[in-house]
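Worksheet: one structure, shown below.
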Amino acid sequence: MGPGTRVVIPEPTFTLYALLTTILGGEPVRVRLSPELQYDAAAIAEARRQSAAGVTVVCSPNNPTGGILTVGEVRRLCEEEGGLVVIDEAYHEFAGESFVPLLETQKNLIVLRTFSKAMGMAGLRVGYLLASPEIVREVNKTRLPYNLNFFSQMAAIAAIDGYGELRGAVGRLSEERERLISLVRDLPGVRPHPSHANFFLIELLDADPKVVFDGLLRRGVLVRDVTSYPMLGRCLRISVGTPEENETFLHALGAALGEAGRDAARGRA
């Protein structure tokens with residue numbers, strides 16, 4: 001990355017990639033998601049060709065929409081000329097699919113992973129990069145010594161040792177995600193979007209998202225306000241919790257929607 005480097009970034013997505021590209025002197029080339037908030041692989045490929053991008057960065061599953069690219073789509077991106085293809089797999093455990101097997105044949109592919117999500121280690125800043133030996137050697141030249149502290153290393157080892165138990169928890173959470181999306185779909189004026197992560201978006205068709213956000217917060221439920229993201233002006237991001245937490249959310253959402261509807265009716269009156 002350097003001055004003038006073009007980086008294809010679908011949006012809305014994790015905002016730091018475009019921010020860091022700009023800080024390093026690069027030029028973000030933004031590609032909008034489809035109207036259904038899914039990746040448009042053809043549009044990403046076209047943007048790479050048109051811009052002669054040196055790097056393409058895709059979060060799969062995407063944050064905050066939960067959408068994914070398929071293995072075939074990533075393979076085609078790698079096989080076309082257009083620089084490095086970086087796939088952020090921060091939430092891959094919840095999707096049940098990974099692009100790591102493509103590393104055997106695609107030498108311009110980089111896969112990024114973290115212990116912050118499924119491993120439950122947010123804040124300890126443990127992550128890793130998977131790529132061809134040629135790429136790893138170049139990246140390693142810029143890595144500072146002692147870049148990971150002792151306590152984070154020991155926590156990562158413990159998480160690896162206990163991964164069998166963690167994997168079971170991930171499976172249960174993924175099942176709970178589908179149950180919760182199904183129940184939210186029955187609420188009037190709410191459109192949940194499908195997701196492959198441990199969260200999903202709800203689109204509020206009638207109510208003001210900020211009013212609903214405040215109503216949830218007053219009832220002890222904190223969700224993420226993503227209305228400032230492109231294309232997500234009517235959306236909130238919901239993290240999936242335990243069955244008990246999810247029931248609390250459902251009751252709070254119903255009450256907040258009712259409150260928002262009454263406020264809107266009084267405003268019209």
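By convention here, the chains of the structure tokens are called A, B, ... in the order presented, each chain's residues are numbered starting at 1, and ligands are numbered starting at 1 in the order presented.
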Contact residues around A:Thr70 with only C-alpha atoms at 12 Å, ignoring same-chain residues under 2 positions, as a ChimeraX atom specification: /A:38-41,58-61,67-68,72-77,87,95-99,102,196
From stretch 48-102 of chain A, collect each residue whose DSSP state is helix (DSSP H, G or I) and return the set as a compact mmCIF listing (two decimals) with N, CA and C atoms, in the first residue's frame.
```txt
# COMPACT_ATOMS: atom_id res chain seq x y z
N ARG A 48 -12.42 -3.87 -10.20
CA ARG A 48 -10.99 -4.22 -10.19
C ARG A 48 -10.38 -3.99 -11.57
N ARG A 49 -11.10 -4.39 -12.60
CA ARG A 49 -10.58 -4.22 -13.96
C ARG A 49 -10.49 -2.74 -14.33
N GLN A 50 -11.55 -2.00 -14.05
CA GLN A 50 -11.61 -0.60 -14.45
C GLN A 50 -10.58 0.25 -13.72
N SER A 51 -10.32 -0.07 -12.46
CA SER A 51 -9.41 0.75 -11.64
C SER A 51 -7.99 0.25 -11.62
N VAL A 71 -17.02 -19.68 -2.68
CA VAL A 71 -15.67 -20.12 -3.02
C VAL A 71 -15.39 -19.89 -4.50
N GLY A 72 -16.38 -20.19 -5.35
CA GLY A 72 -16.21 -19.99 -6.78
C GLY A 72 -15.98 -18.53 -7.14
N GLU A 73 -16.70 -17.62 -6.48
CA GLU A 73 -16.54 -16.20 -6.76
C GLU A 73 -15.15 -15.70 -6.35
N VAL A 74 -14.67 -16.15 -5.19
CA VAL A 74 -13.32 -15.75 -4.76
C VAL A 74 -12.26 -16.33 -5.68
N ARG A 75 -12.45 -17.57 -6.10
CA ARG A 75 -11.48 -18.18 -7.03
C ARG A 75 -11.40 -17.37 -8.32
N ARG A 76 -12.55 -16.96 -8.85
CA ARG A 76 -12.54 -16.18 -10.09
C ARG A 76 -11.88 -14.82 -9.89
N LEU A 77 -12.10 -14.19 -8.75
CA LEU A 77 -11.43 -12.92 -8.47
C LEU A 77 -9.92 -13.09 -8.45
N CYS A 78 -9.47 -14.18 -7.84
CA CYS A 78 -8.02 -14.43 -7.76
C CYS A 78 -7.42 -14.72 -9.12
N GLU A 79 -8.17 -15.41 -9.95
CA GLU A 79 -7.63 -15.83 -11.25
C GLU A 79 -7.57 -14.70 -12.25
N HIS A 92 -15.87 -16.30 10.11
CA HIS A 92 -16.05 -17.47 9.25
C HIS A 92 -16.62 -18.67 10.01
N GLU A 93 -16.34 -18.79 11.32
CA GLU A 93 -16.84 -19.94 12.07
C GLU A 93 -18.36 -20.02 12.02
N PHE A 94 -19.01 -18.87 11.99
CA PHE A 94 -20.47 -18.86 11.99
C PHE A 94 -21.05 -19.16 10.61
N ALA A 95 -20.23 -19.05 9.58
CA ALA A 95 -20.68 -19.33 8.22
C ALA A 95 -20.50 -20.79 7.84
N VAL A 100 -9.66 -20.82 2.95
CA VAL A 100 -8.30 -21.27 3.17
C VAL A 100 -7.87 -22.35 2.18
N PRO A 101 -8.72 -23.33 1.80
CA PRO A 101 -8.28 -24.33 0.82
C PRO A 101 -7.82 -23.73 -0.51
N LEU A 102 -8.31 -22.54 -0.86
CA LEU A 102 -7.90 -21.91 -2.11
C LEU A 102 -6.44 -21.46 -2.09
```
Can you pull out the residues contacting A:Leu222? Cut-off 12 Å, using only C-alpha atoms, and skip same-chain residues under 5 positions away; I want them as a ChimeraX atom specification. /A:212-217,236-241,245-246,248-249,252-253
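Between A:Val126 and the candidates A:Ala155, A:Leu205, A:Leu250, A:Val221, the tightest atom-to-atom separation, counting only C-alpha atoms, involves A:Ala155.
Counting from atom CA of A:Ala52, the distance to atom CA of A:Arg6 is 7.3 Å.
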Residues near A:Arg125, anyone? I mean within 9 Å using only C-alpha atoms, not counting same-chain ones fewer than 4 positions away, as a list in words. Thr114, Phe115, Ser116, Met121, Leu148 and Ser152 of chain A
Write to file, as an mmCIF file, in the first residue's frame, the residues of the selection just made, with C-alpha atoms.
```cif
data_model
loop_
_atom_site.group_PDB
_atom_site.id
_atom_site.type_symbol
_atom_site.label_atom_id
_atom_site.label_comp_id
_atom_site.auth_asym_id
_atom_site.auth_seq_id
_atom_site.Cartn_x
_atom_site.Cartn_y
_atom_site.Cartn_z
ATOM 1 C CA THR A 114 -9.129 -13.165 14.492
ATOM 2 C CA PHE A 115 -9.623 -14.679 17.940
ATOM 3 C CA SER A 116 -11.960 -11.792 18.845
ATOM 4 C CA MET A 121 -11.161 -12.889 22.991
ATOM 5 C CA LEU A 148 1.884 -9.915 20.707
ATOM 6 C CA SER A 152 -2.636 -12.697 24.798
#
```
Here is a test: counting only C-alpha atoms, which residue of A:Ser132, A:Thr21, A:Ser228, A:Asn198 is nearest to A:Lys117?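 Result for the nearest residue to A:Lys117: A:Asn198.
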Minimum-distance residue to A:Leu257, chosen among A:Val86, A:Val223, A:Ile202, A:Val190 (using only C-alpha atoms): A:Val190
Determine the nearest neighbour of A:Thr56 from the options A:Leu173, A:Met119, A:Leu129, A:Leu84, counting only C-alpha atoms. A:Leu84
Please determine, counting only C-alpha atoms, which residue among A:Leu112, A:Ala169, A:Leu124, A:Ile9 has the shortest atom-to-atom distance to A:Ala156.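 Counting only C-alpha atoms, the residue closest to A:Ala156 is A:Leu124.
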Kindly assemble as JSON lines a list of the stretch 79-144 of chain A residues that lie within 12 Å of stretch 10-15 of chain A, each paired with its nearest atom pair and their distance in Å to one decimal, using only C-alpha atoms, sorted first by chain and then by ascending residue number.
```
{"residue": "A:Ile87", "atom": "CA", "partner": "A:Pro10", "partner_atom": "CA", "distance": 11.7}
{"residue": "A:Asp88", "atom": "CA", "partner": "A:Phe14", "partner_atom": "CA", "distance": 9.7}
{"residue": "A:Glu89", "atom": "CA", "partner": "A:Phe14", "partner_atom": "CA", "distance": 11.9}
{"residue": "A:Ala90", "atom": "CA", "partner": "A:Phe14", "partner_atom": "CA", "distance": 10.7}
```
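Within stretch 50-129 of chain A, the backbone-based DSSP assignment of strand (DSSP E) covers Val55, Thr56, Val57, Val58, Cys59, Leu84, Val85, Val86, Ile87, Asp88, Leu109, Ile110, Val111, Leu112, Arg113, Thr114, Gly127, Tyr128 and Leu129 of chain A.
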Calculated over only C-alpha atoms, which of the candidates A:Ala260, A:Arg172, A:Asp161, A:Gly254 has the smallest distance to A:Pro209?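 Using only C-alpha atoms, the shortest distance to A:Pro209 belongs to A:Ala260.
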Spatial neighbours of A:Leu232, max dist 9 Å, only C-alpha atoms, sep filter under 5 positions, as a PyMOL selection string: chain A and resi 12+37+203+226-227
Point-to-point distance in Å for atom CA of A:Ser195 and atom CA of A:Pro64: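 Distance reported for this atom pair: 9.3 Å.
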